[in-house]
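These notes are about the structure you will find just below.
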Amino acid sequence: MKLLIQRTIHPFCFLCLAFCVWANAAVSQEPILESTFAGQWPYHPGKAIAMDSQRQLLYLGDGDTVNILDAGLNLISSFKVTKTSQIGGLFYSSIDNLLYIACRADGLKIYDLTETDNPLPVNSYLPDSLETVGVFIDGSKAYLASGMDGMIILDITDKKNPIMLSQSWLPGGYGISYAIDIYASGDYAFVADLYNGLHIVNVSKPKDPDYKKGIALAGASDIAVSGDYLYMTLQSSGMAILDISSPENTILTSLFAAEGVATSVRVDGSFAFISYNTIGIRALDITSKTEPFHDPAWTYDVTGGSSLGLFHDENYIFCANDQFGLQKVDITDKSNMQPLISHNTAADAIAIDVSSNYIYALDKNIDDSPDKEGLRIHQINTANKTTVFTNKSFTATPGTASDIDVAGDFAYLADGLKGLQVVNIIDKTSPEIIGNYDTSGNACGIFIDGNYAYVADGEQGIVIIDITDKTNPMLTANLSTDGYALKIYVSKDYAYVAADDQGLIIINISTKTHPVITGVYDTPGTASGIFVRDIFAFVADGEKGISIININDKTTPTLTGTLDTDGFAQNISVSANYIYVADSQNGLCTIDASNPSLPVLLDEWSYNSPGISTDVFSGYFTEDEEIYTFIADGAAGIIAVNLSIEDVVDDSDDSSGSSSGCFIQMIK
């Protein structure tokens, strides 16, 4: 992976950040920096579970795919249901073996699961420009939670021809309400509004729903109903219990507050189980609805979770999470809940590159067979500071691919023990491996420069391969290096190698058939990633963070500056004066290197992702002047982070003129 500014063959524009102020009038304060989650593939925060109690089956919505598993988490079958790669919610009807799938921007999908090894599509319903986040079925009606667009009610008497009965915004209106989950029974629907709380709606006239009551509960999200009580997670505020025995007189019975972001709740008998995105699962004794009790020991903290599922009267619960896919947890002893088995969903992203409006991601999920590891191509669509990844194709590679460089119509992969793979990507829906060269080591890193591929080949050092003929790459030279060659970067006549515990190695490659080591710098940590700009080499230095090395003298590189990040710096990218670090469990770290001898961490432009970040691509600049950084986040997949800069203007001076932030300079 490398930055577009270095590769003139890449077609889209790049950015160079410079803070400047329009010189006229009002006095501008220090600009505000902000990083926000923009999108993810697969969309793990919306990972959904539906249960089939009669057949003891579990349906897991994971990104663009539904997996069908038995109670032992053995995979029965899987099927792709949406082009948006974002399943938001599931509802299973045991009466007719139908699975209803809320596919966010791709509407409602209905599948017949009578034969679980052969799921059959029944129909799709796509409301124009409306989001589909959650779904609940009550008799012949389908109720959709539709984000900012409120609630949709469909007549599904004819499953092959759903008819919209109504679409209504929640009280508060468009943009200041967000329907995220829904439950319906008889004449009433209950809608969780992320911004405003719970709405109670009389739906006896489904073409004209009557919003009867609202209960202000910030962060309202996931709903579970048991008997006369509704249980609802409140994200950062825990969970609410409400008495709905008389819907129009629904009352708040109690609140359970606890640290963490609550994501899902399920109820079994006298216990409620609440999942949290980082903490795990808390068990809550709800014998008394007015005074629910939680013993601090009743916590499962092996991993966080986004969704829960259970079979009633069993001694286990299922938890979907960002790190391990799906876990089955023994809840017999609430003070000692233990994982039983897990199902790892195929969503790992360990390396990425971006070209035009496509992102290329490598999956090295070592728990899967080789035919499930390789290259995924996603189209990137950005709007309103968000990113949607549309999966276009998957191509298995013979090895365990760990690095990628896209150049023109080809993607070049460092494919572990299988060396270099050359992939034709002209047709994004059907990429094809057309050439390979099996290096003698473990191909870990790749850099393309002109007609040559430079491979960091593990214990074997580096390999230079002539790729003039893409179908028949030819060995030009190899060179042993001390240390384990992990990543490589080429600039002009030199290659720079991140060589693990040996640090940075500089190699003269002006004569391709006879590369020569000219200089070495033993960095404080374990050199894992490398980026070169002007007279500096920027090294992702493992447990020691980053090292900035002056390489003006190729024989005697010298240390200029360091910054110890909180995680394990795996890879690095540089845009203008900013360093972006894939910092393992610490996510994305952004560093201001305006003064290379004194780099400064920018917390505002850093992002603590849910997975293990191993690669980063910075400098994706859209036509509407939005900046994005992408990270390969391990089991959490690909994450897009929007970076913004806003001027804070002091309007106390009423003099004429204007003030605005001129902070982006584009380079074509």
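Chain lettering (A, B, ...) mirrors the order of the structure tokens, residue numbering begins at 1 for each chain separately, and ligand numbering begins at 1 in order of display.
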
>> as a list in words, please: the residues near stretch 522-528 of chain A (cut-off 7 Å, only C-alpha atoms, same-chain neighbours under 4 positions excluded).
In response: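 Neighbouring residues, sequence-local ones excluded: Leu486, Lys487, Ala498, Ala499, Asp500, Asp501, Gln502, Gly503, Leu504, Val539, Ala540, Asp541, Gly542, Glu543, Lys544, Ser547, Gln570 and Asn571 of chain A.
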
> Any idea what's packed within 7 Å of A:Tyr358, counting only C-alpha atoms, ignoring anything in its chain fewer than 2 positions away? Could you give it as JSON, numbers by chain?
Replying inline: {"A": [354, 355, 356, 360, 377, 378, 379, 380]}

> So which one's closest to A:Pro121, A:Leu73, A:Leu98, A:Leu559, A:Ala320? Using only C-alpha atoms, please.
Replying inline: A:Leu98

>> Can you tell me which residues surround stretch 212-226 of chain A at a distance of at most 7 Å, considering only C-alpha atoms, apart from same-chain residues fewer than 5 positions away, and format the answer as JSON, numbers by chain?
In response: {"A": [180, 181, 182, 192, 193, 194, 195, 196, 197, 198, 199, 200, 201, 202, 231, 232, 233, 234, 235, 236, 248, 263, 264, 265, 266, 267]}

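Closest to A:Asn642 among A:Gln56, A:Asn384, A:Asn277, A:Ser393 is A:Asn384, based on only C-alpha atoms.
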
> Near A:Asn442, within 6 Å and counting only C-alpha atoms, which residues show up once chain neighbours fewer than 6 positions away are dropped, as a PyMOL selection string?
Replying inline: chain A and resi 416-417+457-458

> Which residue, A:Ile341, A:Ala456, A:Leu90, A:Ile579, has the smallest gap to A:Leu601 when you use only C-alpha atoms?
Replying inline: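 Of A:Ile341, A:Ala456, A:Leu90, A:Ile579, the one nearest A:Leu601 is A:Ile579, counting only C-alpha atoms.
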
> Can you tell me, as a PyMOL selection string, what residues are no more than 9 Å from A:Ser430 when counting only C-alpha atoms, ignoring any on the same chain fewer than 4 positions away?
Replying inline: chain A and resi 392-395+424-426

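Close contacts of A:Ile76, defined as residues with an atom at most 9 Å away when counting only C-alpha atoms, with chain neighbours fewer than 2 positions off set aside, comprise Asn67, Ile68, Leu69, Asp70, Leu73, Asn74, Ser78, Thr116 and Asp117 of chain A.
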
Any chance you could export the current selection's all heavy atoms as an mmCIF file, in the first residue's frame?
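selection_9.cif, freshly written:
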```cif
data_model
loop_
_atom_site.group_PDB
_atom_site.id
_atom_site.type_symbol
_atom_site.label_atom_id
_atom_site.label_comp_id
_atom_site.auth_asym_id
_atom_site.auth_seq_id
_atom_site.Cartn_x
_atom_site.Cartn_y
_atom_site.Cartn_z
ATOM 1 N N ASN A 67 -25.482 -16.204 7.117
ATOM 2 C CA ASN A 67 -24.964 -17.535 7.396
ATOM 3 C C ASN A 67 -26.003 -18.315 8.196
ATOM 4 O O ASN A 67 -26.578 -17.789 9.154
ATOM 5 C CB ASN A 67 -23.664 -17.462 8.198
ATOM 6 C CG ASN A 67 -22.546 -16.791 7.423
ATOM 7 O OD1 ASN A 67 -22.430 -16.974 6.218
ATOM 8 N ND2 ASN A 67 -21.736 -16.016 8.104
ATOM 9 N N ILE A 68 -26.239 -19.555 7.810
ATOM 10 C CA ILE A 68 -27.143 -20.440 8.548
ATOM 11 C C ILE A 68 -26.297 -21.452 9.300
ATOM 12 O O ILE A 68 -25.495 -22.178 8.706
ATOM 13 C CB ILE A 68 -28.123 -21.163 7.603
ATOM 14 C CG1 ILE A 68 -28.917 -20.143 6.769
ATOM 15 C CG2 ILE A 68 -29.067 -22.062 8.385
ATOM 16 C CD1 ILE A 68 -29.861 -20.775 5.758
ATOM 17 N N LEU A 69 -26.466 -21.495 10.630
ATOM 18 C CA LEU A 69 -25.672 -22.374 11.468
ATOM 19 C C LEU A 69 -26.571 -23.181 12.396
ATOM 20 O O LEU A 69 -27.662 -22.728 12.762
ATOM 21 C CB LEU A 69 -24.676 -21.569 12.315
ATOM 22 C CG LEU A 69 -23.741 -20.623 11.557
ATOM 23 C CD1 LEU A 69 -24.196 -19.184 11.762
ATOM 24 C CD2 LEU A 69 -22.303 -20.784 12.007
ATOM 25 N N ASP A 70 -26.092 -24.366 12.795
ATOM 26 C CA ASP A 70 -26.819 -25.124 13.801
ATOM 27 C C ASP A 70 -26.377 -24.667 15.186
ATOM 28 O O ASP A 70 -25.523 -23.788 15.325
ATOM 29 C CB ASP A 70 -26.648 -26.627 13.589
ATOM 30 C CG ASP A 70 -25.209 -27.107 13.759
ATOM 31 O OD1 ASP A 70 -24.395 -26.394 14.393
ATOM 32 O OD2 ASP A 70 -24.888 -28.202 13.263
ATOM 33 N N LEU A 73 -22.832 -24.263 16.013
ATOM 34 C CA LEU A 73 -22.152 -23.281 15.159
ATOM 35 C C LEU A 73 -21.459 -23.919 13.965
ATOM 36 O O LEU A 73 -20.456 -23.411 13.462
ATOM 37 C CB LEU A 73 -21.149 -22.439 15.971
ATOM 38 C CG LEU A 73 -21.756 -21.576 17.085
ATOM 39 C CD1 LEU A 73 -20.725 -20.600 17.636
ATOM 40 C CD2 LEU A 73 -22.976 -20.819 16.586
ATOM 41 N N ASN A 74 -22.020 -25.035 13.521
ATOM 42 C CA ASN A 74 -21.559 -25.615 12.262
ATOM 43 C C ASN A 74 -22.292 -24.922 11.118
ATOM 44 O O ASN A 74 -23.517 -24.806 11.138
ATOM 45 C CB ASN A 74 -21.845 -27.114 12.224
ATOM 46 C CG ASN A 74 -21.119 -27.854 13.329
ATOM 47 O OD1 ASN A 74 -19.898 -27.835 13.385
ATOM 48 N ND2 ASN A 74 -21.882 -28.494 14.216
ATOM 49 N N SER A 78 -24.622 -20.500 3.364
ATOM 50 C CA SER A 78 -24.590 -19.038 3.415
ATOM 51 C C SER A 78 -25.027 -18.505 2.064
ATOM 52 O O SER A 78 -24.845 -19.159 1.030
ATOM 53 C CB SER A 78 -23.194 -18.524 3.779
ATOM 54 O OG SER A 78 -22.256 -18.867 2.792
ATOM 55 N N THR A 116 -32.835 -25.403 4.258
ATOM 56 C CA THR A 116 -31.772 -24.498 4.710
ATOM 57 C C THR A 116 -30.508 -24.588 3.863
ATOM 58 O O THR A 116 -29.704 -23.661 3.855
ATOM 59 C CB THR A 116 -31.421 -24.785 6.179
ATOM 60 O OG1 THR A 116 -31.117 -26.178 6.332
ATOM 61 C CG2 THR A 116 -32.585 -24.422 7.078
ATOM 62 N N ASP A 117 -30.330 -25.700 3.176
ATOM 63 C CA ASP A 117 -29.163 -25.792 2.298
ATOM 64 C C ASP A 117 -29.456 -25.238 0.906
ATOM 65 O O ASP A 117 -28.591 -25.255 0.033
ATOM 66 C CB ASP A 117 -28.672 -27.236 2.193
ATOM 67 C CG ASP A 117 -29.754 -28.193 1.689
ATOM 68 O OD1 ASP A 117 -30.922 -27.752 1.582
ATOM 69 O OD2 ASP A 117 -29.433 -29.357 1.412
#
```

>> I need the residues in stretch 287-382 of chain A that are strand (DSSP E) according to DSSP; give them as JSON, numbers by chain.
In response: {"A": [299, 300, 307, 308, 309, 316, 317, 318, 319, 320, 321, 325, 326, 327, 328, 329, 330, 338, 339, 340, 341, 342, 343, 351, 352, 353, 354, 355, 358, 359, 360, 361, 362, 363, 374, 375, 376, 377, 378, 379, 380, 381, 382]}
